[in-house]
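Note sheet for the following structure.
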2 protein chains.
Amino acid sequence: MGFKLTKEFLEEVSQAVVSNDTKWLETHALDLHDADLAIIIDELDEDEAKSLYDLLDEERKADILAELDDEAQEELIKSLSSEEIASQLENMDSDDAADLIADLPQEKIEEVISHIKDDEAADDIVDLLNYKEDTAGGLMQKEFIKAKIDWPVNRCVVELRKQAEEVEKVFTIYVVDDDDRLVGFLSLKRLLFASPTTLIQDLYQDKNMISVKTSDDDEHVARVMEKYDLVSLPVVDLNNKLVGRITIDDVVDVILEEAEKDMQLASGISEKIESSSSVWRISRARMPWLIIGMLGGILGAQVISGFEGGISQVPALAFFIPLITAMGGNVGVQSSAIVVQSLARGDDQFGSIFKKIGKEALVAVVNGILLSLIVYGFAYIFESTTLGLVVGISLFTVIMFAAVFGTLIPLMLDRYKIDPALATGPFITTLNDVLGLFIYLTIGVLFYGL
Amino acid sequence: MGFKLTKEFLEEVSQAVVSNDTKWLETHALDLHDADLAIIIDELDEDEAKSLYDLLDEERKADILAELDDEAQEELIKSLSSEEIASQLENMDSDDAADLIADLPQEKIEEVISHIKDDEAADDIVDLLNYKEDTAGGLMQKEFIKAKIDWPVNRCVVELRKQAEEVEKVFTIYVVDDDDRLVGFLSLKRLLFASPTTLIQDLYQDKNMISVKTSDDDEHVARVMEKYDLVSLPVVDLNNKLVGRITIDDVVDVILEEAEKDMQLASGISEKIESSSSVWRISRARMPWLIIGMLGGILGAQVISGFEGGISQVPALAFFIPLITAMGGNVGVQSSAIVVQSLARGDDQFGSIFKKIGKEALVAVVNGILLSLIVYGFAYIFESTTLGLVVGISLFTVIMFAAVFGTLIPLMLDRYKIDPALATGPFITTLNDVLGLFIYLTIGVLFYGL
């Protein structure tokens with residue numbers, strides 16, 4: 001319970017692998033839960049990982065391989081022959097198997113599949129490789145339990161026993177008609193307590209049957225499973241034929257990745273990266289937004305240079321440049337974050353755009369008045385009434401604009417099918433910087449009569 | 001499939017409720033899935049919601065009440081007598097029941113509970129009210145299926161049939177010893193295919209039994225369920241006695257809320273708010289960070305005023321103030337976002353702090369050199385070699401500092417048990433603004449010999 005990998009334990013494992021201490025490994029490492037053992041193998045270096053992996057029996061090898069992170073998987077796969085990979089795939093759930101080989105070169109995939117002895121398993125994998133990764137088809141597995149609507153319970157139990165060997169986790173039995181079309185579902189609990197001669201058609205439920213199509217995108221799948229509290233979700237093709245099922249564990253991963261991606265986008269990181277990614281990859285992922293930010297800064301420099309005369313006469317105007325740009329950015333980010341979240345949750349079907357902007361504007365008025373009064377007081381004490389007025393009025397104006405843009409931009413991006421999370425970060429900040437400078441310096445020049 | 005609430009449909013429902021068109025409502029609204037009907041009731045105004053709700057039969061009333069959002073729940077509860085609430089609670093899962101009344105005043109809770117006829121249900125709710133909302137105890141329900149280790153399969157099926165009436169979703173049977181201590185688990189599938197006289201002790205699994213304690217926090221629960229791909233998780237007390245179970249649907253909600261909270265914190269929003277929250281509440285939640293940002297701006301003003309003489313001699317120095325502050329903020333947010341995510345995932349047990357800072361520093365060197373060269377070229381064309389050098393060298397220095405602080409601050413916050421997501425937003429931006437200004441202007445004064 002609560003195994004937590006420590007640096008010390010990892011070193012012990014590493015030493016035992018190097019010194020070939022199989023006995024120690026068997027009692028200390030190999031009896032761990034798959035998920036924990038996989039994390040250890042993720043962390044070991046290539047050769048040690050392979051040596052530890054080779055100690056596992058065939059079935060466990062497949063389970064562990066499916067659990068590894070992408071990098072460790074890739075390295076292990078490289079060290080295996082096509083026959084070895086094929087035999088692992090046969091011991092895996094079809095979705096894990098397809099994911100594992102999807103990124104290999106086409107000829108390698110064909111070679112591996114030609115070595116799979118179980119034709120049905122091979123067909124399942126080939127079928128799954130057709131679907132895009134981020135769709136229901138890409139998430140689903142071919143292992144599920146189905147019962148024909150005209151079976152009696154006892155026949156169903158016999159058939160299920162056969163099917164269930166292939167299916168690791170049984171949650172719900174899907175009920176199909178003679179054409180394999182999904183008509184309803186039956187819980188295992190209901191089956192367990194039914195009399196042997198009852199017909200499935202008198203037992204199954206068709207009301208509230210929730211399913212998705214193979215082409216539905218993975219975020220839709222996640223939203224459906226979350227909304228209807230499902231642990232498994234049947235996937236049908238265009239003819240409503242049952243072709244697969246998606247289990248909640250895979251969807252939890254989608255939800256977590258989605259949340260991370262949004263957070264990274266909002267922080268101006270354009271590719272999926274992790275702490276462990278290479279320096280070059282991290283640098284590249286961050287560059288686009290930094291360049292946009294810098295172009296914003298250069299544009300800002302041009303705005304200020306347009307007011308050079310004013311600033312050389314009243315240098316105090318320069319003092320509050322960072323305050324104005326920072327506040328524009330902060331307010332913009334706050335406004336957009338809320339909109340981006342509503343959009344991500346999909347609970348935004350009603351709020352008309354104008355209503356949203358109106359509300360943000362109200363919030364901006366409240367915060368703007370308060371903050372402007374504080375900054376007026378400060379600039380007044382610091383320098384003069386004129387500067388106080390200039391800074392106070394500018395800040396209020398900038399906050400208003402920032403709030404409206406912060407709301408409008410993600411909504412517009414969403415309308416044009418661009419991920420609105422893009423808007424939360426440097427994009428909004430940069431826009432508001434330039435706009436804020438212009439407003440502030442214009443008001444400054446007017447008030448000082450420069 | 002895929003019912004999606006439209007504004008038009010909502011209006012039709014609303015009209016049917018007002019004109020008391022029960023027939024239309026029965027065929028169009030009441031036959032929807034609970035989750036969809038709950039969303040409709042969430043959106044209707046108070047009186048209409050109540051009228052629609054009153055059309056439901058007792059059991060459905062409880063299901064829908066549990067599905068409503070907090071606001072709609074609160075309004076409906078207000079319109080119900082203690083007896084009515086009590087009868088709804090009896091039809092609900094214990095965790096939903098406890099959540100529903102947890103926020104009522106203490107006397108009201110006692111009154112409601114005194115009206116619950118089923119003593120066991122009342123005890124369960126009272127017990128659950130003891131746990132903090134964000135712990136395993138606060139998430140768990142008292143409905144689960146358990147079997148004694150010395151039962152044979154047929155006795156187990158009989159007992160389960162009794163228990164299963166109470167338990168809506170059965171995933172796993174928990175196996176306990178005579179003292180009710182959790183010793184292992186048994187899948188329904190295994191039970192279904194076992195012979196009636198087999199003993200549970202020959203059938204159950206004890207290896208890899210994962211459980212949590214009532215006091216474990218909800219993020220730990222989410223991490224455990226995600227890591228081990230669980231759909232239900234048993235909860236034990238300090239004596240390892242089985243006291244409840246947590247289902248994945250509740251944990252998905254925790255994960256989504258956690259992700260939203262992190263995103264809001266990173267955007268400088270300090271309280272959980274939604275698009276639908278009141279203007280006052282939204283304003284209040286945003287104020288703390290705006291004030292911190294403003295204090296940063298005021299500090300920045302003081303830094304610049306310290307260089308007033310220099311700026312009045314070389315006003316061009318002011319041009320690049322926004323560029324320097326913006327880039328410091330952007331780099332800092334990027335660096336911190338990655339650290340915050342590693343910390344949130346809990347996969348950070350190895351990376352020593354120095355290794356992390358070293359890597360961020362390398363990324364900063366790569367990006368810093370590139371960006372500084374670009375900005376040098378620009379400032380050179382724009383104004384002079386001196387300004388080019390000042391801006392280029394400052395930008396490089398600021399990027400280095402921002403990267404190191406962006407990494408260090410979330411790690412430090414985490415060490416002191418403060419949510420590191422706080423660091424990603426205005427906090428880092430504000431700090432880097434002030435620091436960046438100081439670096440830039442100091443370098444400027446040195447190079448221009450002011």
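Ordering of the structure tokens sets the chain letters (A, B, ...), residue numbers begin anew at 1 in every chain, and ligands are numbered from 1 in the order given.
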
Set the distance at 7 Å and use only C-alpha atoms: which residues neighbour segment 259-270 of chain A once local chain neighbours fewer than 3 positions away are removed? I'd like the list as a ChimeraX atom specification. /A:255-256,285-286,289,421-426 /B:259,263,333-334,337

Output C-alpha atoms for every residue in the selection just made, as a JSON list (two decimals), in the first residue's frame.
[["chain", "number", "residue", "atom", "x", "y", "z"],
["A", 255, "ILE", "CA", -8.44, 14.36, -18.95],
["A", 256, "LEU", "CA", -5.07, 14.76, -17.22],
["A", 285, "ALA", "CA", 8.66, 24.55, -27.46],
["A", 286, "ARG", "CA", 9.05, 27.84, -25.65],
["A", 289, "TRP", "CA", 5.66, 32.58, -27.59],
["A", 421, "ALA", "CA", -6.24, 28.06, -24.03],
["A", 422, "LEU", "CA", -3.78, 29.79, -26.37],
["A", 423, "ALA", "CA", -5.39, 33.05, -25.38],
["A", 424, "THR", "CA", -4.83, 32.83, -21.64],
["A", 425, "GLY", "CA", -1.10, 33.33, -21.77],
["A", 426, "PRO", "CA", 1.38, 35.54, -23.56],
["B", 259, "ALA", "CA", -7.05, 21.14, -12.73],
["B", 263, "MET", "CA", -5.39, 27.01, -13.75],
["B", 333, "VAL", "CA", 5.83, 31.61, -16.18],
["B", 334, "GLN", "CA", 7.11, 29.03, -18.67],
["B", 337, "ALA", "CA", 4.56, 25.87, -15.32]]

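Near Val18 of chain B, within 10 Å and counting only C-alpha atoms, sit Glu12, Val13, Ser14, Gln15, Ala16, Asn20, Asp21, Asp47, Glu48, Ser51 and Leu52 of chain B; same-chain residues fewer than 2 positions away were not included.
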
| request: Find the residues around Asp206 of chain A up to 10 Å (only C-alpha atoms counted), leave out those fewer than 6 positions away in its own chain, and share them as a PyMOL selection string. | output: chain A and resi 175+182-186

All alpha helix (DSSP H) residues (DSSP, backbone) inside segment 1-155 of chain B, as a count of residues only:
102

Give me the residues near Ile77 of chain B as a compact mmCIF listing (two decimals) with C-alpha atoms, in the first residue's frame, where near means some atom within 9 Å (using only C-alpha atoms) and where sequence neighbours in that chain fewer than 5 positions away do not count.
# COMPACT_ATOMS: atom_id res chain seq x y z
CA LEU B 65 -31.26 16.14 -6.40
CA ALA B 72 -29.76 24.59 -7.58
CA SER B 82 -37.07 18.30 6.96
CA ILE B 85 -35.31 16.00 2.77
CA LEU B 100 -26.22 17.41 0.34
CA ILE B 101 -26.80 18.32 3.98

Phe171 of chain B surroundings by only C-alpha atoms, 7 Å radius, close-in-sequence under 5 positions cut, as number ranges by chain: A: 171; B: 188, 232

Hey, what's within 7 Å of Ala86 of chain A if we count only C-alpha atoms and toss same-chain stuff fewer than 6 positions away? As a PyMOL selection string, please? chain A and resi 112-113+115-116

Export, as a short mmCIF file (atom, residue, chain, number, x, y, z; two decimals), in the first residue's frame, the selected residues with C-alpha atoms.
data_model
loop_
_atom_site.label_atom_id
_atom_site.label_comp_id
_atom_site.auth_asym_id
_atom_site.auth_seq_id
_atom_site.Cartn_x
_atom_site.Cartn_y
_atom_site.Cartn_z
CA VAL A 112 5.37 -7.51 -36.51
CA ILE A 113 1.75 -8.18 -37.42
CA HIS A 115 4.24 -12.75 -36.72
CA ILE A 116 1.07 -12.58 -34.61
#

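For Asp177 of chain A, the non-local neighbours within 10 Å, defined as residues at least 4 positions apart in the same chain or in other chains and counting only C-alpha atoms, are Ala147, Lys148, Ile149, Asp150, Arg181, Leu182, Val183, Gly184, Gln201 and Lys241 of chain A.
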
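Our summary of the geometry notes that atom CA of Tyr174 of chain B is positioned 4.6 Å from atom CA of Lys146 of chain B.
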
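Residue nearest Glu43 of chain B, chosen from B:Val221, B:Ile393, B:Val243, B:Leu10 and counting only C-alpha atoms: B:Leu10.
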
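Among B:Asn91, B:Thr385, B:Ser211, B:Thr135, the residue with the shortest atom-to-atom distance to chain A, counting only C-alpha atoms, is B:Ser211.
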
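Proximity ranking of B:Lys4, B:Lys162, B:His33, B:Arg190 relative to chain A places B:His33 first, based on only C-alpha atoms.
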
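Relative to atom CA of Asp414 of chain A, atom CA of Lys356 of chain A is found at 14.6 Å.
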
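Of the residues under consideration (B:Ala136, B:Leu295, B:Ile125, B:Met412), B:Leu295 shows the shortest atom-to-atom contact distance to chain A when counting only C-alpha atoms.
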
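Residue nearest chain B, chosen from A:Val434, A:Leu450, A:Leu76, A:Met92 and counting only C-alpha atoms: A:Val434.
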
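Relative to atom CA of Ser283 of chain A, atom CA of Leu387 of chain B is found at 26.4 Å.
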